[in-house]
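Participant: For reference, the file input39.txt (compact mmCIF, C-alpha atoms and all ligand atoms) is included below:
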```txt
# COMPACT_ATOMS: atom_id res chain seq x y z
CA MET A 1229 26.93 -6.10 51.37
CA ARG A 1230 28.63 -7.24 54.53
CA ARG A 1231 28.39 -4.98 57.50
CA ALA A 1232 30.44 -5.65 60.60
CA PRO A 1233 28.31 -6.91 63.48
CA ALA A 1234 28.47 -4.51 66.42
CA GLN A 1235 31.35 -2.08 66.31
CA PRO A 1236 33.02 -1.27 69.59
CA ASN A 1237 31.93 2.17 70.73
CA SER A 1238 29.31 2.35 68.00
CA GLU A 1239 26.72 3.47 70.52
CA ILE A 1240 28.52 6.74 70.93
CA ALA A 1241 29.73 7.24 67.38
CA PRO A 1242 28.22 10.46 66.05
CA LYS A 1243 25.67 9.79 63.33
CA VAL A 1244 26.38 12.99 61.45
CA THR A 1245 29.44 15.19 61.33
CA GLY A 1246 27.46 18.04 62.85
CA LEU A 1247 27.40 16.15 66.15
CA TRP A 1248 31.18 16.29 66.33
CA ARG A 1249 31.24 18.42 69.46
CA ASP A 1250 28.73 16.20 71.31
CA ALA A 1251 30.83 13.20 70.41
CA ALA A 1252 33.97 14.94 71.65
CA ARG A 1253 32.28 15.58 74.98
CA LEU A 1254 31.09 11.97 75.26
CA CYS A 1255 34.53 10.61 74.37
CA LYS A 1256 36.14 12.82 76.97
CA ALA A 1257 33.62 11.69 79.56
CA ARG A 1258 34.40 8.06 78.79
CA GLY A 1259 38.16 8.54 78.64
CA MET A 1260 38.34 7.72 74.93
CA THR A 1261 40.59 9.22 72.32
CA HIS A 1262 38.66 11.63 70.17
CA ALA A 1263 41.40 12.92 67.93
CA LEU A 1264 44.62 11.33 66.84
CA THR A 1265 47.51 13.26 65.29
CA ILE A 1266 50.29 11.31 63.61
CA PRO A 1267 53.19 12.18 61.32
CA THR A 1268 51.77 12.34 57.79
CA PRO A 1269 51.67 8.74 56.49
CA ASP A 1270 53.52 7.33 53.49
CA ASP A 1271 52.25 4.64 51.16
CA TRP A 1272 55.05 2.15 50.47
CA HIS A 1273 53.25 0.47 47.54
CA LEU A 1274 50.96 2.42 45.22
CA HIS A 1275 49.65 2.17 41.65
CA LEU A 1276 49.00 5.59 40.12
CA ARG A 1277 48.76 4.51 36.44
CA ASP A 1278 49.14 7.20 33.81
CA GLY A 1279 47.23 9.78 31.74
CA ALA A 1280 43.61 10.44 32.66
CA MET A 1281 43.59 7.71 35.33
CA LEU A 1282 46.67 9.23 37.00
CA ARG A 1283 45.01 12.64 37.09
CA ALA A 1284 41.79 11.14 38.49
CA VAL A 1285 43.30 9.05 41.32
CA LEU A 1286 46.33 11.10 42.40
CA PRO A 1287 44.39 13.59 44.59
CA ALA A 1288 43.11 10.76 46.80
CA THR A 1289 46.68 9.87 47.72
CA THR A 1290 48.06 13.41 47.99
CA ALA A 1291 45.22 14.30 50.39
CA HIS A 1292 46.48 11.87 53.05
CA PHE A 1293 50.04 10.81 52.20
CA ALA A 1294 53.31 12.75 51.94
CA ARG A 1295 55.18 10.16 49.85
CA ALA A 1296 54.51 6.90 48.04
CA ILE A 1297 56.53 4.20 46.35
CA ILE A 1298 55.19 4.28 42.81
CA MET A 1299 54.73 0.94 41.07
CA PRO A 1300 56.24 0.74 37.57
CA ASN A 1301 53.82 -1.72 35.91
CA LEU A 1302 52.60 0.67 33.23
CA ILE A 1303 52.15 -0.31 29.60
CA PRO A 1304 54.98 -0.16 28.56
CA PRO A 1305 56.66 -0.67 31.94
CA VAL A 1306 59.08 1.76 33.58
CA VAL A 1307 62.31 -0.16 32.93
CA THR A 1308 65.06 2.45 32.47
CA SER A 1309 66.11 5.51 34.42
CA ALA A 1310 64.91 7.64 31.50
CA ASP A 1311 61.46 6.00 31.78
CA ALA A 1312 61.40 6.68 35.53
CA ALA A 1313 62.41 10.34 35.10
CA ALA A 1314 59.69 10.88 32.48
CA TYR A 1315 57.05 9.12 34.62
CA ARG A 1316 58.06 11.15 37.70
CA ASP A 1317 57.64 14.34 35.67
CA ARG A 1318 54.16 13.27 34.53
CA ILE A 1319 53.18 12.60 38.16
CA LEU A 1320 54.57 15.95 39.32
CA ALA A 1321 52.69 17.71 36.50
CA ALA A 1322 49.44 16.04 37.65
CA LEU A 1323 49.77 17.08 41.32
CA PRO A 1324 46.93 19.15 42.73
CA GLU A 1325 47.76 22.83 43.17
CA GLY A 1326 49.95 23.42 46.22
CA SER A 1327 50.69 19.74 46.90
CA ASP A 1328 54.24 18.86 47.91
CA PHE A 1329 53.66 15.12 47.63
CA ALA A 1330 56.86 13.25 46.71
CA PRO A 1331 56.61 10.26 44.36
CA LEU A 1332 59.34 7.73 45.19
CA MET A 1333 60.11 6.10 41.87
CA THR A 1334 60.91 2.45 41.13
CA LEU A 1335 62.30 0.57 38.16
CA TYR A 1336 60.64 -2.56 36.80
CA LEU A 1337 63.24 -5.35 36.84
CA THR A 1338 63.61 -7.31 33.61
CA GLU A 1339 66.15 -9.90 32.52
CA GLU A 1340 67.73 -7.13 30.40
CA THR A 1341 68.01 -4.52 33.18
CA ASP A 1342 71.39 -2.78 33.17
CA ALA A 1343 73.01 -2.74 36.64
CA GLU A 1344 74.86 0.50 35.86
CA ASP A 1345 71.65 2.28 34.82
CA VAL A 1346 70.07 1.16 38.12
CA ALA A 1347 73.09 2.32 40.14
CA ALA A 1348 73.14 5.71 38.41
CA ALA A 1349 69.40 6.19 38.99
CA HIS A 1350 69.91 5.39 42.66
CA ALA A 1351 72.96 7.66 43.00
CA SER A 1352 71.11 10.61 41.50
CA GLY A 1353 68.19 10.12 43.91
CA LEU A 1354 65.79 9.34 41.06
CA ILE A 1355 64.74 5.90 42.34
CA THR A 1356 64.06 4.51 45.80
CA ALA A 1357 63.65 0.81 44.92
CA VAL A 1358 63.50 -1.76 42.14
CA LYS A 1359 60.40 -3.90 41.66
CA LEU A 1360 60.55 -7.62 40.91
CA TYR A 1361 57.52 -9.12 39.19
CA PRO A 1362 57.73 -12.82 38.37
CA ALA A 1363 56.68 -12.86 34.69
CA GLY A 1364 52.93 -13.39 34.47
CA ALA A 1365 52.23 -13.04 38.20
CA THR A 1366 49.89 -10.06 37.99
CA THR A 1367 48.73 -6.97 36.06
CA ASN A 1368 51.23 -5.96 33.35
CA SER A 1369 53.93 -8.33 34.57
CA ALA A 1370 54.66 -9.99 31.21
CA SER A 1371 58.07 -8.24 31.02
CA GLY A 1372 59.03 -9.51 34.47
CA VAL A 1373 61.51 -12.18 35.45
CA SER A 1374 61.29 -15.86 34.47
CA ASP A 1375 64.89 -16.90 35.08
CA PHE A 1376 66.00 -15.46 38.41
CA ALA A 1377 69.66 -16.36 37.74
CA ARG A 1378 69.64 -13.76 34.98
CA VAL A 1379 69.00 -10.87 37.39
CA GLU A 1380 71.54 -11.85 40.04
CA GLY A 1381 74.13 -9.40 38.70
CA VAL A 1382 71.72 -6.48 39.14
CA LEU A 1383 70.66 -7.75 42.57
CA SER A 1384 74.29 -8.02 43.72
CA ARG A 1385 74.91 -4.43 42.63
CA MET A 1386 71.77 -3.37 44.52
CA ALA A 1387 73.06 -5.13 47.65
CA GLU A 1388 76.35 -3.22 47.33
CA ILE A 1389 74.69 0.18 47.06
CA GLY A 1390 71.88 -0.53 49.58
CA LEU A 1391 69.01 -0.22 47.09
CA PRO A 1392 65.94 -2.18 48.21
CA LEU A 1393 64.15 -4.77 46.07
CA CYS A 1394 60.35 -4.79 46.30
CA VAL A 1395 59.08 -8.28 45.54
CA HIS A 1396 55.75 -9.51 44.25
CA GLY A 1397 56.03 -12.85 46.03
CA GLU A 1398 54.01 -15.39 44.06
CA VAL A 1399 55.09 -18.23 41.82
CA THR A 1400 53.43 -18.39 38.43
CA ASP A 1401 53.54 -22.17 37.92
CA PRO A 1402 49.99 -23.03 36.79
CA ALA A 1403 50.26 -26.31 38.67
CA ILE A 1404 50.44 -24.44 41.99
CA ASP A 1405 47.10 -23.59 43.54
CA ILE A 1406 46.56 -19.82 43.59
CA PHE A 1407 46.09 -19.87 47.37
CA ASP A 1408 49.54 -21.50 47.81
CA ARG A 1409 51.55 -19.32 45.44
CA GLU A 1410 53.00 -17.00 48.10
CA THR A 1411 54.10 -19.87 50.35
CA VAL A 1412 55.73 -21.73 47.48
CA PHE A 1413 57.46 -18.53 46.32
CA ILE A 1414 59.10 -18.05 49.72
CA ASP A 1415 60.46 -21.62 49.71
CA ARG A 1416 61.41 -21.97 46.07
CA VAL A 1417 62.45 -18.46 45.04
CA LEU A 1418 62.80 -15.87 47.79
CA ASP A 1419 64.75 -17.73 50.42
CA PRO A 1420 67.29 -19.21 47.94
CA LEU A 1421 67.65 -15.80 46.28
CA ARG A 1422 68.31 -14.03 49.59
CA ASN A 1423 70.94 -16.65 50.41
CA ARG A 1424 72.62 -16.18 47.03
CA VAL A 1425 72.65 -12.37 47.36
CA PRO A 1426 73.45 -11.69 51.01
CA GLY A 1427 72.94 -8.11 52.08
CA LEU A 1428 70.14 -7.44 49.60
CA LYS A 1429 67.40 -5.36 51.23
CA VAL A 1430 64.07 -6.98 50.41
CA VAL A 1431 60.51 -5.80 50.94
CA MET A 1432 57.97 -8.61 50.60
CA GLU A 1433 55.08 -6.68 49.12
CA HIS A 1434 51.43 -7.11 50.14
CA ILE A 1435 51.93 -10.27 52.19
CA THR A 1436 48.82 -12.38 52.65
CA THR A 1437 49.80 -15.40 54.75
CA ALA A 1438 50.77 -16.28 58.32
CA GLY A 1439 53.79 -18.05 56.82
CA ALA A 1440 55.03 -14.79 55.28
CA VAL A 1441 54.59 -13.02 58.64
CA ASP A 1442 56.63 -15.77 60.31
CA TYR A 1443 59.30 -15.61 57.60
CA VAL A 1444 59.74 -11.86 58.13
CA ARG A 1445 59.78 -12.25 61.91
CA ALA A 1446 62.47 -14.93 61.68
CA ASN A 1447 64.86 -12.59 59.88
CA ASP A 1448 66.42 -9.68 61.71
CA THR A 1449 67.99 -7.55 59.03
CA ASN A 1450 67.35 -6.50 55.45
CA LEU A 1451 63.85 -7.95 55.33
CA ALA A 1452 60.51 -6.22 55.78
CA ALA A 1453 56.96 -6.56 54.48
CA THR A 1454 54.21 -4.26 53.41
CA ILE A 1455 50.62 -5.08 54.34
CA THR A 1456 47.62 -3.66 52.50
CA THR A 1457 44.49 -2.17 53.99
CA HIS A 1458 42.19 -4.64 52.28
CA HIS A 1459 44.08 -7.74 53.45
CA LEU A 1460 43.50 -6.58 57.05
CA VAL A 1461 39.75 -6.51 56.40
CA ILE A 1462 38.73 -9.27 53.97
CA ASN A 1463 39.37 -12.98 53.75
CA ARG A 1464 38.57 -15.23 50.79
CA ASN A 1465 34.99 -15.76 51.92
CA HIS A 1466 34.32 -12.09 51.36
CA ILE A 1467 35.26 -12.55 47.71
CA LEU A 1468 33.51 -15.81 47.03
CA ALA A 1469 30.82 -16.78 49.56
CA GLY A 1470 27.23 -15.85 48.72
CA GLY A 1471 28.13 -14.37 45.33
CA ILE A 1472 31.34 -13.28 43.64
CA ARG A 1473 32.55 -9.77 44.48
CA PRO A 1474 34.95 -8.53 41.82
CA HIS A 1475 35.85 -5.40 43.77
CA TYR A 1476 37.48 -7.63 46.42
CA TYR A 1477 39.55 -9.52 43.86
CA CYS A 1478 43.23 -8.59 43.99
CA LEU A 1479 46.60 -10.30 43.79
CA PRO A 1480 47.83 -11.91 45.88
CA VAL A 1481 44.26 -13.04 46.50
CA ALA A 1482 43.00 -12.81 50.09
CA LYS A 1483 43.43 -16.08 52.01
CA ARG A 1484 41.67 -17.83 54.91
CA GLU A 1485 40.58 -15.98 58.05
CA GLU A 1486 43.52 -17.33 60.08
CA HIS A 1487 45.86 -15.53 57.68
CA ARG A 1488 43.94 -12.25 57.91
CA LEU A 1489 44.25 -12.46 61.70
CA ALA A 1490 48.01 -13.07 61.44
CA LEU A 1491 48.33 -9.98 59.22
CA ARG A 1492 46.30 -7.93 61.72
CA ALA A 1493 48.53 -9.09 64.57
CA ALA A 1494 51.67 -8.17 62.59
CA ALA A 1495 50.39 -4.76 61.47
CA THR A 1496 49.14 -3.73 64.90
CA SER A 1497 52.17 -5.10 66.79
CA GLY A 1498 54.38 -2.07 66.18
CA ASP A 1499 57.12 -4.42 64.88
CA ALA A 1500 59.30 -2.19 62.67
CA ARG A 1501 59.48 -4.84 59.94
CA PHE A 1502 55.83 -4.32 58.97
CA PHE A 1503 54.49 -1.16 57.36
CA LEU A 1504 51.69 0.11 55.15
CA GLY A 1505 51.75 -0.44 51.41
CA THR A 1506 48.17 -0.02 50.24
CA ASP A 1507 48.64 -1.61 46.80
CA SER A 1508 45.78 0.73 45.92
CA ALA A 1509 45.25 -0.42 42.33
CA PRO A 1510 42.57 1.45 40.42
CA HIS A 1511 40.76 -0.24 37.54
CA THR A 1512 37.58 1.10 35.99
CA ASP A 1513 34.36 -0.75 36.78
CA PRO A 1514 34.08 -1.94 33.16
CA ALA A 1515 37.53 -3.51 33.53
CA LYS A 1516 36.65 -5.16 36.86
CA LEU A 1517 33.10 -6.31 36.06
CA GLN A 1518 33.60 -8.71 33.20
CA PRO A 1519 34.12 -12.45 32.68
CA CYS A 1520 37.86 -12.05 33.25
CA GLY A 1521 38.10 -9.01 35.50
CA CYS A 1522 41.23 -7.15 36.60
CA ALA A 1523 42.89 -7.62 40.00
CA GLY A 1524 43.05 -4.68 42.33
CA CYS A 1525 41.33 -2.85 45.20
CA PHE A 1526 41.18 0.95 45.12
CA THR A 1527 41.82 1.89 48.75
CA ALA A 1528 43.68 5.20 48.54
CA PRO A 1529 40.64 7.38 49.40
CA ASN A 1530 39.62 5.59 52.62
CA THR A 1531 42.68 3.69 53.82
CA LEU A 1532 43.33 5.89 56.86
CA PRO A 1533 39.77 5.80 58.26
CA ILE A 1534 39.73 2.01 57.80
CA LEU A 1535 43.13 1.56 59.44
CA ALA A 1536 42.24 3.77 62.41
CA HIS A 1537 39.08 1.70 62.90
CA VAL A 1538 40.98 -1.60 62.63
CA PHE A 1539 43.76 -0.52 64.99
CA GLU A 1540 41.24 0.74 67.55
CA GLU A 1541 39.28 -2.49 67.31
CA ASP A 1542 42.51 -4.35 68.13
CA GLY A 1543 43.39 -1.99 71.00
CA ALA A 1544 46.39 -0.63 69.10
CA LEU A 1545 45.46 2.93 68.16
CA ASP A 1546 48.74 4.08 69.73
CA ARG A 1547 50.64 1.89 67.25
CA LEU A 1548 48.91 3.19 64.11
CA GLU A 1549 51.67 5.74 63.50
CA ALA A 1550 54.36 3.04 63.61
CA PHE A 1551 52.58 1.22 60.78
CA THR A 1552 51.66 4.23 58.65
CA SER A 1553 54.40 6.76 59.34
CA LEU A 1554 57.48 5.46 61.20
CA ASN A 1555 58.46 1.91 60.19
CA GLY A 1556 58.60 2.51 56.43
CA PRO A 1557 60.96 5.51 56.57
CA ALA A 1558 63.17 3.61 59.04
CA PHE A 1559 63.55 0.67 56.63
CA TYR A 1560 64.16 2.89 53.61
CA GLY A 1561 66.54 5.16 55.54
CA LEU A 1562 64.40 8.25 55.00
CA PRO A 1563 63.32 10.90 57.50
CA VAL A 1564 59.89 10.74 59.11
CA ASN A 1565 57.58 13.40 57.65
CA GLU A 1566 57.59 16.62 59.65
CA THR A 1567 53.98 17.44 58.77
CA THR A 1568 51.10 15.76 60.59
CA LEU A 1569 47.68 14.32 59.83
CA THR A 1570 44.77 14.33 62.26
CA LEU A 1571 41.98 11.77 62.48
CA THR A 1572 38.84 12.51 64.45
CA ARG A 1573 36.16 10.21 65.74
CA THR A 1574 33.61 10.95 63.02
CA PRO A 1575 32.06 8.20 60.85
CA ALA A 1576 33.56 7.92 57.37
CA PRO A 1577 31.10 6.37 54.88
CA VAL A 1578 32.57 4.78 51.75
CA PRO A 1579 33.51 7.60 49.36
CA GLY A 1580 31.75 7.73 45.99
CA CYS A 1581 33.30 6.45 42.77
CA VAL A 1582 36.13 8.38 41.16
CA ASP A 1583 35.23 9.26 37.57
CA THR A 1584 37.57 8.76 34.65
CA PRO A 1585 36.92 9.11 30.90
CA ASP A 1586 36.95 5.27 30.70
CA GLY A 1587 34.41 4.81 33.47
CA PRO A 1588 34.07 5.05 37.23
CA VAL A 1589 36.54 3.54 39.70
CA THR A 1590 34.79 2.05 42.71
CA VAL A 1591 36.37 2.70 46.12
CA PHE A 1592 36.98 -0.29 48.40
CA ASP A 1593 34.06 -0.96 50.75
CA PRO A 1594 35.35 -2.43 54.03
CA GLY A 1595 31.85 -3.67 54.91
CA PHE A 1596 31.57 -1.38 57.91
CA THR A 1597 31.53 2.37 58.47
CA PRO A 1598 34.88 3.41 59.93
CA ASN A 1599 34.55 5.33 63.18
CA TRP A 1600 37.34 7.71 62.13
CA SER A 1601 37.71 10.40 59.49
CA VAL A 1602 40.68 12.37 58.30
CA THR A 1603 40.16 15.94 59.43
O1 LIG A 1701 45.71 -6.66 42.78
C1 LIG A 1701 46.70 -6.24 42.23
N1 LIG A 1701 46.63 -5.24 41.31
N2 LIG A 1701 47.88 -6.81 42.50
C2 LIG A 1701 48.99 -6.49 41.81
O2 LIG A 1701 50.01 -7.09 42.09
C3 LIG A 1701 48.93 -5.52 40.70
C4 LIG A 1701 47.81 -4.60 40.85
C5 LIG A 1701 47.53 -3.80 39.58
O3 LIG A 1701 48.48 -3.23 39.02
O4 LIG A 1701 46.38 -3.74 39.17
ZN ZN A 1702 50.84 -3.70 43.50
```
In structure tokens, what does this structure look like?
Facilitator:
Amino acid sequence: MRRAPAQPNSEIAPKVTGLWRDAARLCKARGMTHALTIPTPDDWHLHLRDGAMLRAVLPATTAHFARAIIMPNLIPPVVTSADAAAYRDRILAALPEGSDFAPLMTLYLTEETDAEDVAAAHASGLITAVKLYPAGATTNSASGVSDFARVEGVLSRMAEIGLPLCVHGEVTDPAIDIFDRETVFIDRVLDPLRNRVPGLKVVMEHITTAGAVDYVRANDTNLAATITTHHLVINRNHILAGGIRPHYYCLPVAKREEHRLALRAAATSGDARFFLGTDSAPHTDPAKLQPCGCAGCFTAPNTLPILAHVFEEDGALDRLEAFTSLNGPAFYGLPVNETTLTLTRTPAPVPGCVDTPDGPVTVFDPGFTPNWSVT
């Protein structure tokens, strides 16, 4: 398994948590930050699933996040306001004792979606966004959209009421190389759609290319992008070179190194148009480790240690809170969380698997030991 070469500051990183106080003294002596307190983060793109899997993975998110945009790609998908209300209630019922985590619900856009149902769900505060899956683009997307003209009525209504559209930005044309599907989607689908529905607030979800970063940067209003933890850490070599690593396979698939670096620059820049959406997508090991394995990286348990490490490596620790806690609420028009989360300079090894009745779920291994832990 890949380990990062030399980590900055690794010579003073405490080897065991018990050395915390020594490390604090050393950090102070060297003028380094030892503890970082930020407004409690939100996850603007999260898969919680349902049933036993929901109950198994939810605590990892509620431990570190105050709110999350909940993806609706269940089987069957969350397509009506009644579906969303029932799913929200199942999530609330599964919350760990004492948690005040708020699930921000979404509707799964289909060619049959009723604009009035969407508007009513928004007006009542039930939903925070609508999710667009091109049909066949990813896990449980078969009920998504094939003919984008057929959803324009709903999108126009959403533009009127200021309800954001979260977009899985990949074309599904089998003739298009999988590494080009995001770029082609922006040219063929997203840009024309945004021109046809002016005023629609769009979040490009889990962007993976320098072109998507540039597209967001070139547009001042109504456009933002989420970036995942894993796309800041892995490129396509990590999936494919020297053996195939199913736990790094997700959609959109990680691209070349130059794209990972562009994502890192965007995430660590503080630019308000980029914020965290982990796309933490749990699948059991039996579902991942097979001839046709599922797409998804399970990053909810260790996202914050990894991000703190990455931001420090890029000299941007002071901008971590913009990415995790400030930019997302600003785009969605929500208040910043009043509670806080503290990270301390203590190594955070990869957490163990999360057990479910259908098998273990392996946590994303960044290939290095983050220098930071959530306190
Ligand atoms: O890797 C992914 N997994 N990408 C998606 O778009 C969906 C997700 C899932 O639901 O498993
Ligand atoms: Zn997703």
Participant: Check every protein, DNA and RNA residue against ligand LIG 1701 (chain A), keep those with an atom at most 8 Å away (counting all atoms listed in the file), and present them as a count of residues only.
Facilitator: 22
Participant: Taking all atoms listed in the file into account, which of A:Arg1464, A:Ser1553, A:Arg1318, A:Val1379 comes nearest Gly1279 of chain A?
Facilitator: A:Arg1318
Participant: Extract, using all atoms listed in the file, all DNA, RNA and protein residues at most 9 Å from Met1281 of chain A, discarding same-chain residues fewer than 5 positions from it, and format them as a count of residues only.
Facilitator: 9
Participant: Out of A:Val1307, A:Ala1500, A:Val1285, A:Leu1383, which residue has the shortest atom-to-atom distance to Arg1424 of chain A when counting all atoms listed in the file?
Facilitator: A:Leu1383
Participant: Name the closest residue to Pro1305 of chain A among the candidates A:Lys1359, A:His1466, A:Arg1501, A:His1537; distances are taken between atoms, counting all atoms listed in the file.
Facilitator: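 Among the listed residues, A:Lys1359 lies closest to Pro1305 of chain A.
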Participant: One decimal, Å: what's the distance from atom CA of Pro1575 of chain A over to atom CA of Ala1288 of chain A, could you say?
Facilitator: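 Those two atoms sit 18.1 Å apart.
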Participant: Looking at all atoms listed in the file, which of A:Val1602, A:Ile1455, A:Leu1535, A:Ala1330 is the one that sits closest to ligand ZN 1702 (chain A)?
Facilitator: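 Once distances to ligand ZN 1702 (chain A) are computed over all atoms listed in the file, the minimum belongs to A:Ile1455.
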Participant: Report, in Å with one decimal, the straight-line distance from atom CA of Ile1389 of chain A to atom CA of Phe1559 of chain A.
Facilitator: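 Distance reported for this atom pair: 14.7 Å.
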Participant: From the options A:Leu1335, A:Ser1601, A:Phe1539, A:Val1444, which residue's atoms come nearest to Leu1569 of chain A, counting all atoms listed in the file?
Facilitator: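 Residue with the minimum atom-to-atom distance to Leu1569 of chain A: A:Ser1601.
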Participant: Given the choices A:His1273, A:His1262, A:Arg1445, A:Arg1484, which gets closest to Arg1295 of chain A if the distance is worked out from only C-alpha atoms?
Facilitator: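 For Arg1295 of chain A, the nearest of the given residues is A:His1273.
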Participant: Could you state the separation of atom CA of Val1395 of chain A and atom CA of Leu1532 of chain A in Å, given to one decimal place?
Facilitator: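 Taking atom CA of Val1395 of chain A as the start and atom CA of Leu1532 of chain A as the end point, the length is 24.0 Å.
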Participant: Using only C-alpha atoms, determine which residues lie at most 9 Å from Thr1400 of chain A, disregarding the query and same-chain residues fewer than 6 positions distant; provide the list as a VMD selection string.
Facilitator: chain A and resid 1362 to 1365 1406 1409 1413
Participant: Near Ile1462 of chain A, counting all atoms listed in the file, which residues have an atom at most 9 Å away, once you skip same-chain residues fewer than 6 positions from it, shown as a ChimeraX atom specification?
Facilitator: /A:1476,1482-1483,1485,1488,1594-1595
Participant: I want to know what sits within 6 Å of Thr1268 of chain A, based on only C-alpha atoms, with residues of the same chain fewer than 2 positions away left out; could you give that as a ChimeraX atom specification?
Facilitator: /A:1565,1567-1569
Participant: Pick out the residues sitting within 12 Å of Pro1563 of chain A, and hand them over as a PyMOL selection string; count only C-alpha atoms, and ignore anything fewer than 6 positions along from it in its own chain.
Facilitator: chain A and resi 1267-1270+1294-1295+1553-1557
Participant: Model the absent atoms of segment 1546-1560 of chain A so that N, CA, C and O atoms are present, and write the result as a PDB file, in the frame of the given file.
Facilitator:
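Result written to out.pdb:
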```
ATOM      1  N   ASP A1546      47.449   3.407  69.474  1.00  0.00           N
ATOM      2  CA  ASP A1546      48.740   4.080  69.730  1.00  0.00           C
ATOM      3  C   ASP A1546      49.855   3.544  68.826  1.00  0.00           C
ATOM      4  O   ASP A1546      50.927   4.131  68.766  1.00  0.00           O
ATOM      5  N   ARG A1547      49.604   2.441  68.147  1.00  0.00           N
ATOM      6  CA  ARG A1547      50.640   1.890  67.250  1.00  0.00           C
ATOM      7  C   ARG A1547      50.325   2.152  65.768  1.00  0.00           C
ATOM      8  O   ARG A1547      51.058   1.714  64.893  1.00  0.00           O
ATOM      9  N   LEU A1548      49.246   2.885  65.516  1.00  0.00           N
ATOM     10  CA  LEU A1548      48.910   3.190  64.110  1.00  0.00           C
ATOM     11  C   LEU A1548      50.049   3.941  63.430  1.00  0.00           C
ATOM     12  O   LEU A1548      50.426   3.651  62.294  1.00  0.00           O
ATOM     13  N   GLU A1549      50.635   4.904  64.152  1.00  0.00           N
ATOM     14  CA  GLU A1549      51.670   5.740  63.500  1.00  0.00           C
ATOM     15  C   GLU A1549      52.913   4.927  63.164  1.00  0.00           C
ATOM     16  O   GLU A1549      53.593   5.227  62.187  1.00  0.00           O
ATOM     17  N   ALA A1550      53.207   3.896  63.952  1.00  0.00           N
ATOM     18  CA  ALA A1550      54.360   3.040  63.610  1.00  0.00           C
ATOM     19  C   ALA A1550      54.119   2.414  62.240  1.00  0.00           C
ATOM     20  O   ALA A1550      54.999   2.396  61.369  1.00  0.00           O
ATOM     21  N   PHE A1551      52.918   1.927  62.026  1.00  0.00           N
ATOM     22  CA  PHE A1551      52.580   1.220  60.780  1.00  0.00           C
ATOM     23  C   PHE A1551      52.503   2.167  59.589  1.00  0.00           C
ATOM     24  O   PHE A1551      52.977   1.860  58.490  1.00  0.00           O
ATOM     25  N   THR A1552      51.909   3.340  59.793  1.00  0.00           N
ATOM     26  CA  THR A1552      51.660   4.230  58.650  1.00  0.00           C
ATOM     27  C   THR A1552      52.773   5.243  58.410  1.00  0.00           C
ATOM     28  O   THR A1552      52.909   5.743  57.297  1.00  0.00           O
ATOM     29  N   SER A1553      53.541   5.564  59.453  1.00  0.00           N
ATOM     30  CA  SER A1553      54.400   6.760  59.340  1.00  0.00           C
ATOM     31  C   SER A1553      55.836   6.595  59.827  1.00  0.00           C
ATOM     32  O   SER A1553      56.660   7.452  59.514  1.00  0.00           O
ATOM     33  N   LEU A1554      56.133   5.559  60.613  1.00  0.00           N
ATOM     34  CA  LEU A1554      57.480   5.460  61.200  1.00  0.00           C
ATOM     35  C   LEU A1554      58.296   4.290  60.646  1.00  0.00           C
ATOM     36  O   LEU A1554      59.486   4.433  60.339  1.00  0.00           O
ATOM     37  N   ASN A1555      57.690   3.115  60.540  1.00  0.00           N
ATOM     38  CA  ASN A1555      58.460   1.910  60.190  1.00  0.00           C
ATOM     39  C   ASN A1555      58.975   1.946  58.758  1.00  0.00           C
ATOM     40  O   ASN A1555      60.089   1.477  58.481  1.00  0.00           O
ATOM     41  N   GLY A1556      58.179   2.466  57.842  1.00  0.00           N
ATOM     42  CA  GLY A1556      58.600   2.510  56.430  1.00  0.00           C
ATOM     43  C   GLY A1556      59.824   3.394  56.244  1.00  0.00           C
ATOM     44  O   GLY A1556      60.840   2.953  55.687  1.00  0.00           O
ATOM     45  N   PRO A1557      59.771   4.662  56.707  1.00  0.00           N
ATOM     46  CA  PRO A1557      60.960   5.510  56.570  1.00  0.00           C
ATOM     47  C   PRO A1557      62.185   4.879  57.214  1.00  0.00           C
ATOM     48  O   PRO A1557      63.290   4.989  56.679  1.00  0.00           O
ATOM     49  N   ALA A1558      62.007   4.215  58.360  1.00  0.00           N
ATOM     50  CA  ALA A1558      63.170   3.610  59.040  1.00  0.00           C
ATOM     51  C   ALA A1558      63.798   2.554  58.134  1.00  0.00           C
ATOM     52  O   ALA A1558      65.020   2.497  57.980  1.00  0.00           O
ATOM     53  N   PHE A1559      62.985   1.716  57.496  1.00  0.00           N
ATOM     54  CA  PHE A1559      63.550   0.670  56.630  1.00  0.00           C
ATOM     55  C   PHE A1559      64.229   1.281  55.412  1.00  0.00           C
ATOM     56  O   PHE A1559      65.315   0.851  55.010  1.00  0.00           O
ATOM     57  N   TYR A1560      63.610   2.283  54.828  1.00  0.00           N
ATOM     58  CA  TYR A1560      64.160   2.890  53.610  1.00  0.00           C
ATOM     59  C   TYR A1560      65.252   3.922  53.902  1.00  0.00           C
ATOM     60  O   TYR A1560      65.830   4.492  52.976  1.00  0.00           O
TER      61      TYR A1560
END
```
